[in-house]
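Next comes work-v1.csv, a file with CSV, C-alpha atoms and all ligand atoms.
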chain,number,residue,atom,x,y,z
A,133,MET,CA,96.0,121.5,96.3
A,134,LEU,CA,94.2,118.2,96.2
A,135,LYS,CA,93.3,116.7,99.5
A,136,ILE,CA,93.8,112.9,99.3
A,137,GLY,CA,93.0,110.7,102.3
A,138,VAL,CA,94.9,107.6,103.2
A,139,LEU,CA,92.9,105.1,105.1
A,140,ALA,CA,95.1,104.8,108.2
A,141,LEU,CA,93.8,101.8,110.1
A,142,GLN,CA,96.6,99.4,109.2
A,143,GLY,CA,99.2,99.0,106.5
A,144,ASP,CA,101.8,101.1,104.7
A,145,VAL,CA,100.1,104.5,105.2
A,146,ARG,CA,103.3,106.5,105.5
A,147,GLU,CA,104.7,105.3,102.2
A,148,HIS,CA,101.5,106.3,100.3
A,149,ALA,CA,101.4,109.7,102.0
A,150,ALA,CA,105.0,110.3,100.9
A,151,ALA,CA,104.2,109.3,97.3
A,152,LEU,CA,101.1,111.6,97.2
A,153,ALA,CA,103.1,114.5,98.7
A,154,ALA,CA,105.8,113.9,96.1
A,155,GLY,CA,103.0,114.3,93.5
A,156,GLY,CA,102.0,117.7,94.9
A,157,ALA,CA,98.9,116.5,96.8
A,158,ASP,CA,98.0,117.0,100.4
A,159,PRO,CA,97.8,113.6,102.1
A,160,VAL,CA,95.6,113.3,105.2
A,161,PRO,CA,95.1,110.2,107.4
A,162,VAL,CA,91.5,108.9,107.6
A,163,ARG,CA,90.2,106.8,110.5
A,164,ARG,CA,86.7,108.1,111.0
A,165,ALA,CA,83.7,108.8,108.9
A,166,GLU,CA,83.9,112.6,109.4
A,167,GLU,CA,87.3,112.5,107.9
A,168,LEU,CA,85.9,111.4,104.6
A,169,GLU,CA,84.3,114.8,104.2
A,170,GLY,CA,85.9,117.2,101.8
A,171,LEU,CA,88.3,114.6,100.3
A,172,ASP,CA,89.2,114.8,96.6
A,173,GLY,CA,90.3,111.1,96.6
A,174,LEU,CA,91.3,108.3,98.9
A,175,VAL,CA,94.1,105.7,99.0
A,176,LEU,CA,93.6,102.2,100.5
A,177,PRO,CA,97.1,101.1,101.5
A,178,GLY,CA,98.7,97.7,101.3
A,179,GLY,CA,98.7,95.6,104.5
A,180,GLU,CA,96.2,93.0,105.5
A,181,SER,CA,92.7,93.3,104.0
A,182,THR,CA,91.1,91.2,106.8
A,183,ALA,CA,92.5,93.6,109.5
A,184,ILE,CA,91.6,96.7,107.6
A,185,ASP,CA,88.0,95.4,107.0
A,186,LYS,CA,87.5,94.6,110.7
A,187,LEU,CA,88.9,97.9,111.9
A,188,ALA,CA,86.9,99.9,109.3
A,189,ARG,CA,83.7,98.3,110.6
A,190,ALA,CA,84.7,98.8,114.2
A,191,PHE,CA,85.5,102.5,113.6
A,192,GLY,CA,82.2,102.9,111.7
A,193,VAL,CA,84.0,104.1,108.5
A,194,ALA,CA,83.2,101.0,106.3
A,195,GLU,CA,79.6,101.9,105.5
A,196,PRO,CA,80.2,105.6,104.8
A,197,LEU,CA,83.1,104.7,102.7
A,198,ARG,CA,81.1,102.2,100.7
A,199,ARG,CA,78.5,105.0,100.1
A,200,ARG,CA,81.2,107.6,99.1
A,201,ILE,CA,82.7,105.1,96.6
A,202,GLY,CA,79.2,104.6,95.2
A,203,GLU,CA,78.8,108.3,94.8
A,204,GLY,CA,82.0,108.5,92.8
A,205,LEU,CA,84.9,109.2,95.2
A,206,PRO,CA,88.1,108.5,93.4
A,207,VAL,CA,90.0,105.7,95.2
A,208,TYR,CA,93.3,103.9,94.6
A,209,GLY,CA,94.0,100.6,96.3
A,210,SER,CA,97.3,98.7,96.4
A,211,CYS,CA,97.4,95.1,97.2
A,212,ALA,CA,95.2,94.7,100.3
A,213,GLY,CA,93.6,97.9,99.0
A,214,MET,CA,92.9,96.2,95.7
A,215,ILE,CA,91.1,93.4,97.6
A,216,LEU,CA,89.0,96.0,99.5
A,217,LEU,CA,87.9,97.6,96.2
A,218,ALA,CA,86.7,94.3,94.7
A,219,ASN,CA,83.1,93.6,94.5
A,220,THR,CA,83.9,89.9,95.0
A,221,ILE,CA,86.7,87.9,96.8
A,222,ALA,CA,87.2,84.4,95.4
A,223,ASP,CA,88.4,83.0,98.7
A,224,PRO,CA,87.4,85.3,101.5
A,225,ALA,CA,88.8,84.7,104.9
A,226,THR,CA,86.5,83.6,107.7
A,227,ASP,CA,87.2,84.4,111.4
A,228,ARG,CA,86.7,82.0,114.3
A,229,ALA,CA,83.1,83.1,114.7
A,230,GLY,CA,82.4,82.2,111.1
A,231,ASN,CA,82.2,85.8,109.9
A,232,ARG,CA,83.5,86.3,106.3
A,233,GLN,CA,85.7,89.2,105.5
A,234,GLN,CA,84.0,92.0,103.6
A,235,THR,CA,85.1,94.6,101.1
A,236,PHE,CA,84.1,98.2,100.4
A,237,GLY,CA,83.6,97.2,96.8
A,238,GLY,CA,83.3,99.4,93.7
A,239,ILE,CA,85.2,97.5,91.0
A,240,ASP,CA,83.3,94.8,89.2
A,241,MET,CA,86.0,92.1,89.6
A,242,VAL,CA,86.8,88.9,91.4
A,243,VAL,CA,90.2,88.9,93.2
A,244,ARG,CA,92.0,86.0,94.7
A,245,ARG,CA,94.0,86.7,97.9
A,246,ASN,CA,97.6,85.5,98.3
A,247,ALA,CA,97.2,84.2,94.8
A,248,PHE,CA,100.9,84.1,93.9
A,249,GLY,CA,101.7,82.1,97.0
A,250,ARG,CA,102.8,82.8,100.6
A,251,GLN,CA,105.1,85.4,102.0
A,252,VAL,CA,108.2,83.4,100.9
A,253,ASP,CA,106.9,83.5,97.3
A,254,SER,CA,106.9,87.3,97.2
A,255,PHE,CA,108.7,88.6,94.1
A,256,GLU,CA,109.7,91.6,92.1
A,257,THR,CA,109.3,92.1,88.3
A,258,ASP,CA,109.2,94.7,85.6
A,259,LEU,CA,105.8,95.4,84.1
A,260,ARG,CA,104.4,97.2,81.1
A,261,PHE,CA,101.7,99.5,82.5
A,262,ALA,CA,99.2,101.0,80.0
A,263,GLY,CA,98.6,104.7,79.9
A,264,LEU,CA,101.6,106.1,81.8
A,265,GLU,CA,103.2,107.4,78.6
A,266,LYS,CA,100.3,109.8,78.1
A,267,LEU,CA,100.4,111.3,81.6
A,268,PRO,CA,100.6,115.1,81.7
A,269,GLY,CA,103.9,116.1,83.1
A,270,VAL,CA,105.6,112.8,82.4
A,271,ALA,CA,107.8,112.7,79.3
A,272,PRO,CA,106.6,110.0,76.9
A,273,ASP,CA,109.9,108.1,77.2
A,274,ALA,CA,109.8,108.1,81.0
A,275,GLY,CA,106.2,107.1,80.9
A,276,ALA,CA,106.8,104.1,78.6
A,277,ALA,CA,109.6,102.7,80.9
A,278,PRO,CA,108.5,99.5,82.7
A,279,VAL,CA,107.2,99.7,86.2
A,280,HIS,CA,109.4,97.8,88.8
A,281,ALA,CA,106.7,96.1,90.8
A,282,VAL,CA,106.9,94.4,94.2
A,283,PHE,CA,104.4,91.7,95.0
A,284,ILE,CA,104.0,90.7,98.7
A,285,ARG,CA,101.5,88.0,99.3
A,286,ALA,CA,99.7,89.7,96.5
A,287,PRO,CA,96.2,89.1,95.1
A,288,TRP,CA,95.5,88.7,91.4
A,289,VAL,CA,92.4,89.7,89.5
A,290,GLU,CA,90.7,86.5,88.4
A,291,SER,CA,87.9,88.1,86.3
A,292,ILE,CA,86.6,91.5,85.4
A,293,GLY,CA,83.3,93.0,84.3
A,294,PRO,CA,82.8,94.9,81.0
A,295,ASP,CA,83.5,98.4,82.5
A,296,VAL,CA,86.9,97.4,83.9
A,297,GLU,CA,90.1,98.2,82.0
A,298,VAL,CA,93.2,96.1,82.3
A,299,LEU,CA,96.3,98.2,82.8
A,300,ALA,CA,98.9,95.5,83.6
A,301,SER,CA,99.3,91.7,83.6
A,302,VAL,CA,102.1,89.5,84.8
A,303,GLY,CA,103.3,86.1,83.3
A,304,LEU,CA,103.3,83.3,85.9
A,305,SER,CA,106.4,81.5,87.1
A,306,GLY,CA,107.2,79.4,90.2
A,307,PRO,CA,104.6,77.7,92.4
A,308,SER,CA,101.7,79.8,91.1
A,309,ALA,CA,102.4,78.7,87.5
A,310,ALA,CA,102.3,74.9,88.3
A,311,ALA,CA,98.5,74.5,88.0
A,312,GLN,CA,98.1,76.9,85.1
A,313,ALA,CA,98.3,76.7,81.3
A,314,PRO,CA,101.8,77.4,79.9
A,315,GLY,CA,102.2,81.1,79.3
A,316,ALA,CA,99.3,82.0,81.5
A,317,ALA,CA,99.2,85.6,82.7
A,318,ARG,CA,97.2,87.3,85.4
A,319,ILE,CA,95.8,90.7,85.7
A,320,VAL,CA,97.6,92.9,88.3
A,321,ALA,CA,96.3,96.4,87.6
A,322,VAL,CA,92.9,97.7,86.7
A,323,ARG,CA,90.9,100.8,86.3
A,324,SER,CA,87.2,101.3,86.5
A,325,GLY,CA,86.0,104.9,86.1
A,326,LYS,CA,87.8,106.8,89.0
A,327,LEU,CA,88.8,103.6,90.8
A,328,LEU,CA,92.3,102.3,90.4
A,329,ALA,CA,93.8,99.1,91.8
A,330,THR,CA,97.2,97.4,91.7
A,331,SER,CA,98.3,94.0,93.1
A,332,PHE,CA,101.7,95.5,93.8
A,333,HIS,CA,103.1,98.3,95.9
A,334,PRO,CA,104.5,101.3,93.9
A,335,GLU,CA,104.6,103.1,97.2
A,336,VAL,CA,107.6,101.1,98.5
A,337,THR,CA,109.9,101.4,95.5
A,338,GLY,CA,110.0,105.1,94.8
A,339,GLU,CA,107.9,104.6,91.7
A,340,ARG,CA,105.8,107.7,91.4
A,341,ARG,CA,103.9,107.3,88.1
A,342,ILE,CA,101.0,105.3,89.5
A,343,HIS,CA,100.2,107.9,92.1
A,344,GLU,CA,100.6,110.5,89.4
A,345,LEU,CA,98.1,108.6,87.3
A,346,PHE,CA,95.7,108.6,90.3
A,347,ILE,CA,96.2,112.3,90.8
A,348,GLN,CA,95.5,113.0,87.1
A,349,MET,CA,92.4,110.7,87.3
A,350,ILE,CA,91.1,112.9,90.1
A,351,ARG,CA,91.7,116.0,88.1
A,352,GLY,CA,90.0,114.4,85.1
A,353,GLU,CA,93.2,114.6,83.0
A,354,ALA,CA,93.8,110.9,82.7
B,1,LIG,N1,97.6,89.2,101.5
B,1,LIG,C1,97.2,90.4,102.0
B,1,LIG,C2,95.7,90.5,102.2
B,1,LIG,O1,95.0,89.6,102.0
B,1,LIG,C3,97.6,91.6,101.1
B,1,LIG,C4,99.1,91.7,101.2
B,1,LIG,C5,99.6,93.1,100.9
B,1,LIG,O2,98.9,94.1,101.0
B,1,LIG,N2,100.9,93.2,100.7
B,1,LIG,O3,95.2,91.5,102.6
For this file, write the structure as structure tokens.
Amino acid sequence: MLKIGVLALQGDVREHAAALAAGGADPVPVRRAEELEGLDGLVLPGGESTAIDKLARAFGVAEPLRRRIGEGLPVYGSCAGMILLANTIADPATDRAGNRQQTFGGIDMVVRRNAFGRQVDSFETDLRFAGLEKLPGVAPDAGAAPVHAVFIRAPWVESIGPDVEVLASVGLSGPSAAAQAPGAARIVAVRSGKLLATSFHPEVTGERRIHELFIQMIRGEA
């Protein structure tokens, strides 16, 4: 059974653990560097990227994790987790002492935090998500069905490097559309090698295909 860690410093750890268990993996909470040993993959949950960053550094897990990602550890990040997987944040937060938030990095992309607006601008929509129809164990019809995606103070991906694949985008509406070209869309799901990131939270809706995709990526079957 695949042993998949969930970084358990802050955020919706339980929801990810449940989705991984439903996919037949063994989810384990990770708070310390030693707990990264022997993992087949890791999930960075949704929550607050600044808090997770600070706690990860305080717990001494940030540097080892950065190293493991560089060595090829498969990682899936949702929302705050997407931010933590980005090589660059367009608008990093700065604390009172003037320290900028950091990321673990791994995906050659620039993300913008809270890009769709504030908490009150959170929204749900149905998305086309590339590649789910080819997942082993998921019938092509079920795989092609749209993903119901929940965005909560979500980031978007502003730009990507050449090795990053776009899996899903969303058309803009409401306040986030005001300053954009008509019909503008933003990238909300990407893959780069064994790294996967979504702006939204499949773990809170009962959507299981994104975690299934991650499990199959670890197995080398997707
Ligand atoms: N806005 C949050 C951040 O910057 C992410 C929100 C979320 O994970 N739902 O970390």
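What separates CA of Ser181 (chain A) from CA of Asn219 (chain A) is a distance of 13.5 Å.
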Mind listing as a short mmCIF file (atom, residue, chain, number, x, y, z; two decimals) with C-alpha atoms, in the frame of the given file all residues within 12 Å of (92.2, 96.1, 80.2), counting only C-alpha atoms?
data_model
loop_
_atom_site.label_atom_id
_atom_site.label_comp_id
_atom_site.auth_asym_id
_atom_site.auth_seq_id
_atom_site.Cartn_x
_atom_site.Cartn_y
_atom_site.Cartn_z
CA MET A 241 86.00 92.10 89.60
CA PHE A 261 101.70 99.50 82.50
CA ALA A 262 99.20 101.00 80.00
CA GLY A 263 98.60 104.70 79.90
CA VAL A 289 92.40 89.70 89.50
CA SER A 291 87.90 88.10 86.30
CA ILE A 292 86.60 91.50 85.40
CA GLY A 293 83.30 93.00 84.30
CA PRO A 294 82.80 94.90 81.00
CA ASP A 295 83.50 98.40 82.50
CA VAL A 296 86.90 97.40 83.90
CA GLU A 297 90.10 98.20 82.00
CA VAL A 298 93.20 96.10 82.30
CA LEU A 299 96.30 98.20 82.80
CA ALA A 300 98.90 95.50 83.60
CA SER A 301 99.30 91.70 83.60
CA ARG A 318 97.20 87.30 85.40
CA ILE A 319 95.80 90.70 85.70
CA VAL A 320 97.60 92.90 88.30
CA ALA A 321 96.30 96.40 87.60
CA VAL A 322 92.90 97.70 86.70
CA ARG A 323 90.90 100.80 86.30
CA SER A 324 87.20 101.30 86.50
CA LEU A 328 92.30 102.30 90.40
#
For Pro177 (chain A), list every protein, DNA or RNA residue within 6 Å, evaluated using only C-alpha atoms, and leave out those in the same chain fewer than 6 positions away; present the list as JSON, numbers by chain.
{"A": [143, 144, 145, 210, 213]}
What's the 8 Å shell around Leu141 (chain A), counting all atoms listed in the file, without same-chain residues fewer than 6 positions away, as a ChimeraX atom specification?
/A:162-163,184,187-188
Collect all residues with atoms no farther than 7 Å from ligand LIG 1 (chain B), counting all atoms listed in the file, and output them as a tab-separated table (two decimals) with C-alpha atoms, in the coordinates of the input.
chain	number	residue	atom	x	y	z
A	178	GLY	CA	98.70	97.70	101.30
A	179	GLY	CA	98.70	95.60	104.50
A	180	GLU	CA	96.20	93.00	105.50
A	181	SER	CA	92.70	93.30	104.00
A	182	THR	CA	91.10	91.20	106.80
A	210	SER	CA	97.30	98.70	96.40
A	211	CYS	CA	97.40	95.10	97.20
A	212	ALA	CA	95.20	94.70	100.30
A	213	GLY	CA	93.60	97.90	99.00
A	215	ILE	CA	91.10	93.40	97.60
A	245	ARG	CA	94.00	86.70	97.90
A	246	ASN	CA	97.60	85.50	98.30
A	283	PHE	CA	104.40	91.70	95.00
A	284	ILE	CA	104.00	90.70	98.70
A	285	ARG	CA	101.50	88.00	99.30
A	286	ALA	CA	99.70	89.70	96.50
A	287	PRO	CA	96.20	89.10	95.10
Rounded to one decimal in Å, what is the spacing between CA of Gly325 (chain A) and CA of Trp288 (chain A)?
19.5 Å
